[in-house]
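The structure file start_14.tsv is reproduced below (TSV, C-alpha atoms).
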```
chain	number	residue	atom	x	y	z
A	1261	VAL	CA	0.00	0.00	0.00
A	1262	PRO	CA	1.77	3.21	-1.10
A	1263	LEU	CA	2.26	6.00	1.43
A	1264	THR	CA	0.96	9.40	0.42
A	1265	GLU	CA	3.42	12.27	0.27
A	1266	GLU	CA	1.89	13.65	3.46
A	1267	GLU	CA	2.40	10.29	5.25
A	1268	ARG	CA	6.03	10.21	4.05
A	1269	GLN	CA	6.60	13.73	5.41
A	1270	LEU	CA	4.99	12.85	8.78
A	1271	ASP	CA	7.09	9.68	8.97
A	1272	SER	CA	10.25	11.67	8.26
A	1273	GLN	CA	9.36	14.35	10.84
A	1274	PHE	CA	8.57	11.75	13.50
A	1275	TYR	CA	11.85	9.86	13.10
A	1276	SER	CA	13.89	13.07	12.84
A	1277	LEU	CA	12.40	14.29	16.17
A	1278	LEU	CA	12.85	10.87	17.76
A	1279	LEU	CA	16.49	10.57	16.70
A	1280	GLN	CA	17.22	14.14	17.81
A	1281	SER	CA	15.64	13.46	21.22
A	1282	LEU	CA	18.05	10.53	21.56
A	1283	GLY	CA	21.00	12.75	20.60
A	1284	MET	CA	21.52	11.05	17.25
A	1285	GLU	CA	22.25	12.82	13.98
A	1286	ILE	CA	21.29	10.09	11.51
A	1287	GLY	CA	19.56	10.75	8.19
A	1288	TYR	CA	16.27	8.93	7.70
A	1289	THR	CA	14.63	8.15	4.37
A	1290	PRO	CA	10.91	7.40	4.77
A	1291	ARG	CA	9.65	4.14	3.35
A	1292	GLU	CA	7.56	4.21	0.19
A	1293	TYR	CA	5.00	1.55	1.13
A	1294	TRP	CA	3.08	0.26	4.13
A	1295	ASN	CA	3.06	-3.49	4.57
A	1296	THR	CA	-0.29	-4.94	3.52
A	1297	VAL	CA	-0.81	-6.28	7.08
A	1298	THR	CA	0.85	-4.08	9.67
A	1299	SER	CA	-0.38	-5.80	12.85
A	1300	LEU	CA	-2.32	-8.83	14.05
A	1301	GLY	CA	-4.23	-9.43	17.27
A	1302	VAL	CA	-6.74	-11.90	18.69
A	1303	ASP	CA	-9.57	-10.51	20.82
A	1304	GLY	CA	-11.44	-12.08	23.74
A	1305	HIS	CA	-13.93	-13.69	21.30
A	1306	SER	CA	-11.09	-15.49	19.43
A	1307	ARG	CA	-11.46	-13.21	16.40
A	1308	ILE	CA	-8.32	-12.36	14.44
A	1309	TRP	CA	-7.84	-8.63	13.74
A	1310	ALA	CA	-5.54	-7.84	10.79
A	1311	ARG	CA	-4.69	-4.16	10.35
A	1312	SER	CA	-4.43	-3.11	6.72
A	1313	GLY	CA	-1.68	-0.62	5.95
A	1314	GLY	CA	-0.94	2.17	8.36
A	1315	GLY	CA	-3.53	4.71	7.38
A	1316	ASP	CA	-5.48	6.94	9.67
A	1317	PRO	CA	-7.96	5.98	11.05
A	1318	PRO	CA	-6.85	2.35	11.62
A	1319	LEU	CA	-8.63	-0.15	9.32
A	1320	TYR	CA	-8.98	-3.82	10.24
A	1321	ARG	CA	-10.25	-6.98	8.58
A	1322	VAL	CA	-11.67	-9.27	11.27
A	1323	PHE	CA	-11.66	-13.05	10.77
A	1324	ASP	CA	-12.93	-16.10	12.66
A	1325	GLN	CA	-10.55	-18.93	13.57
A	1326	ALA	CA	-11.39	-20.74	10.30
A	1327	GLY	CA	-10.20	-17.73	8.27
A	1328	ASN	CA	-13.65	-16.50	7.24
A	1329	ILE	CA	-13.94	-12.73	7.15
A	1330	LEU	CA	-16.52	-11.53	9.68
A	1331	PHE	CA	-16.43	-7.76	9.19
A	1332	HIS	CA	-14.28	-4.70	8.58
A	1333	ALA	CA	-13.64	-2.30	11.46
A	1334	VAL	CA	-12.45	1.29	11.42
A	1335	ILE	CA	-11.34	2.73	14.76
A	1336	GLN	CA	-12.42	6.36	14.69
A	1337	GLY	CA	-12.57	9.12	17.27
A	1338	LEU	CA	-9.19	8.60	18.93
A	1339	PRO	CA	-7.98	11.92	20.31
A	1340	ALA	CA	-4.46	11.39	18.95
A	1341	GLN	CA	-4.35	9.78	15.54
A	1342	GLY	CA	-1.71	9.60	12.88
A	1343	PRO	CA	1.14	7.37	11.78
A	1344	ASN	CA	2.48	7.06	15.34
A	1345	GLN	CA	-0.82	5.81	16.77
A	1346	ARG	CA	-0.74	2.10	17.64
A	1347	VAL	CA	-3.62	-0.17	18.56
A	1348	ARG	CA	-3.09	-3.31	20.65
A	1349	ILE	CA	-5.73	-6.05	20.46
A	1350	SER	CA	-5.53	-8.96	22.89
A	1351	PRO	CA	-7.87	-11.41	24.63
A	1352	ARG	CA	-7.87	-9.04	27.63
A	1353	GLY	CA	-9.00	-5.97	25.70
A	1354	MET	CA	-8.10	-3.28	23.21
A	1355	ALA	CA	-5.96	-0.20	23.77
A	1356	ALA	CA	-4.63	2.57	21.57
A	1357	TYR	CA	-1.48	4.46	22.35
A	1358	GLY	CA	0.57	7.11	20.66
A	1359	TYR	CA	4.05	8.43	21.03
A	1360	ASP	CA	4.80	12.06	20.29
A	1361	PRO	CA	8.52	12.84	20.63
A	1362	SER	CA	7.70	16.45	21.51
A	1363	MET	CA	5.87	15.27	24.68
A	1364	SER	CA	7.41	13.64	27.74
A	1365	PHE	CA	4.69	11.00	28.15
A	1366	MET	CA	2.74	8.45	26.15
A	1367	GLN	CA	-1.03	8.77	25.63
A	1368	VAL	CA	-3.05	5.56	26.21
A	1369	TYR	CA	-6.75	4.99	25.41
A	1370	ILE	CA	-8.87	1.96	26.39
A	1371	LEU	CA	-11.22	0.81	23.60
A	1372	GLU	CA	-14.41	-1.20	23.84
A	1373	THR	CA	-14.28	-4.55	22.03
A	1374	PRO	CA	-17.28	-5.14	19.74
A	1375	PRO	CA	-19.60	-7.95	20.88
A	1376	PRO	CA	-19.62	-11.29	19.03
A	1377	LEU	CA	-21.89	-11.58	16.03
A	1378	PRO	CA	-25.18	-13.42	16.61
```
Starting from the coordinates I provided, produce the structure as structure tokens.
Amino acid sequence: VPLTEEERQLDSQFYSLLLQSLGMEIGYTPREYWNTVTSLGVDGHSRIWARSGGGDPPLYRVFDQAGNILFHAVIQGLPAQGPNQRVRISPRGMAAYGYDPSMSFMQVYILETPPPLP
């Protein structure tokens, strides 16, 4: 999945700030493509969540254990979104977190897991 020019610029800015905050002067060339699947997680209902690309807002394809697609999910309304926003899906719950190198702390959001399909 190709990154837009804006995503490439944000990626470059993020890593430049991160490297500077660590005292490193290393050049960074942003990648040209997102991986097709950028993360996987299994929720408390044994559904497999596969994130597609790295776009904003996060887009998931959700499968059952047999590999049948159940639904697509878009996680919207997170206060801090963007290429540095991560979502963690586990049997114990869902959380979103973001890292902004210009801040001294990480932002964490607890998300509600959708109920199982009837």
Please return, as a ChimeraX atom specification, all polymer residues that have at least one atom within 6 Å of the point (-13.0, -0.8, 13.3); use only C-alpha atoms and the file's own coordinate frame. /A:1319-1320,1333-1335
May I have the residues within 12 Å of range 1305-1311 of chain A as a PDB file with C-alpha atoms, in the frame of the given file, using all atoms listed in the file and disregarding those fewer than 6 positions away in the same chain?
```
ATOM      1  CA  TRP A1294       3.080   0.260   4.130  1.00  0.00           C
ATOM      2  CA  ASN A1295       3.060  -3.490   4.570  1.00  0.00           C
ATOM      3  CA  THR A1296      -0.290  -4.940   3.520  1.00  0.00           C
ATOM      4  CA  VAL A1297      -0.810  -6.280   7.080  1.00  0.00           C
ATOM      5  CA  THR A1298       0.850  -4.080   9.670  1.00  0.00           C
ATOM      6  CA  SER A1299      -0.380  -5.800  12.850  1.00  0.00           C
ATOM      7  CA  PRO A1317      -7.960   5.980  11.050  1.00  0.00           C
ATOM      8  CA  PRO A1318      -6.850   2.350  11.620  1.00  0.00           C
ATOM      9  CA  LEU A1319      -8.630  -0.150   9.320  1.00  0.00           C
ATOM     10  CA  TYR A1320      -8.980  -3.820  10.240  1.00  0.00           C
ATOM     11  CA  ARG A1321     -10.250  -6.980   8.580  1.00  0.00           C
ATOM     12  CA  VAL A1322     -11.670  -9.270  11.270  1.00  0.00           C
ATOM     13  CA  PHE A1323     -11.660 -13.050  10.770  1.00  0.00           C
ATOM     14  CA  ASP A1324     -12.930 -16.100  12.660  1.00  0.00           C
ATOM     15  CA  GLN A1325     -10.550 -18.930  13.570  1.00  0.00           C
ATOM     16  CA  ALA A1326     -11.390 -20.740  10.300  1.00  0.00           C
ATOM     17  CA  GLY A1327     -10.200 -17.730   8.270  1.00  0.00           C
ATOM     18  CA  ASN A1328     -13.650 -16.500   7.240  1.00  0.00           C
ATOM     19  CA  ILE A1329     -13.940 -12.730   7.150  1.00  0.00           C
ATOM     20  CA  LEU A1330     -16.520 -11.530   9.680  1.00  0.00           C
ATOM     21  CA  PHE A1331     -16.430  -7.760   9.190  1.00  0.00           C
ATOM     22  CA  HIS A1332     -14.280  -4.700   8.580  1.00  0.00           C
ATOM     23  CA  ALA A1333     -13.640  -2.300  11.460  1.00  0.00           C
ATOM     24  CA  VAL A1334     -12.450   1.290  11.420  1.00  0.00           C
ATOM     25  CA  ILE A1335     -11.340   2.730  14.760  1.00  0.00           C
ATOM     26  CA  ARG A1346      -0.740   2.100  17.640  1.00  0.00           C
ATOM     27  CA  VAL A1347      -3.620  -0.170  18.560  1.00  0.00           C
ATOM     28  CA  ARG A1348      -3.090  -3.310  20.650  1.00  0.00           C
ATOM     29  CA  ILE A1349      -5.730  -6.050  20.460  1.00  0.00           C
ATOM     30  CA  SER A1350      -5.530  -8.960  22.890  1.00  0.00           C
ATOM     31  CA  PRO A1351      -7.870 -11.410  24.630  1.00  0.00           C
ATOM     32  CA  ARG A1352      -7.870  -9.040  27.630  1.00  0.00           C
ATOM     33  CA  GLY A1353      -9.000  -5.970  25.700  1.00  0.00           C
ATOM     34  CA  MET A1354      -8.100  -3.280  23.210  1.00  0.00           C
ATOM     35  CA  THR A1373     -14.280  -4.550  22.030  1.00  0.00           C
ATOM     36  CA  PRO A1374     -17.280  -5.140  19.740  1.00  0.00           C
ATOM     37  CA  PRO A1375     -19.600  -7.950  20.880  1.00  0.00           C
ATOM     38  CA  PRO A1376     -19.620 -11.290  19.030  1.00  0.00           C
ATOM     39  CA  LEU A1377     -21.890 -11.580  16.030  1.00  0.00           C
TER      40      LEU A1377
END
```
Can you measure CA of Asp1271 in chain A to CA of Gly1313 in chain A for me? One decimal in Å is fine.
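According to the coordinates, CA of Asp1271 in chain A and CA of Gly1313 in chain A are separated by 13.9 Å.
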* To do: May I have the protein, DNA and RNA residues with an atom at most 12 Å from (10.1, 16.9, 11.7), counting all atoms listed in the file in the file's coordinates, returned as a list in words?
  => Arg1268, Gln1269, Leu1270, Asp1271, Ser1272, Gln1273, Phe1274, Tyr1275, Ser1276, Leu1277, Leu1278, Leu1279, Gln1280, Ser1281, Gly1287, Tyr1288, Pro1290, Asp1360, Pro1361 and Ser1362 of chain A
Atom pair CA of Leu1300 in chain A + CA of Gln1345 in chain A, distance 15.0 Å
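Among A:Gly1314, A:Gly1301, A:Gly1358, A:Gly1337, the residue with the shortest atom-to-atom distance to Pro1262 in chain A, counting all atoms listed in the file, is A:Gly1314.
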Distance in Å - CA of Thr1289 in chain A versus CA of Glu1266 in chain A: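 Between CA of Thr1289 in chain A and CA of Glu1266 in chain A the gap is 13.9 Å.
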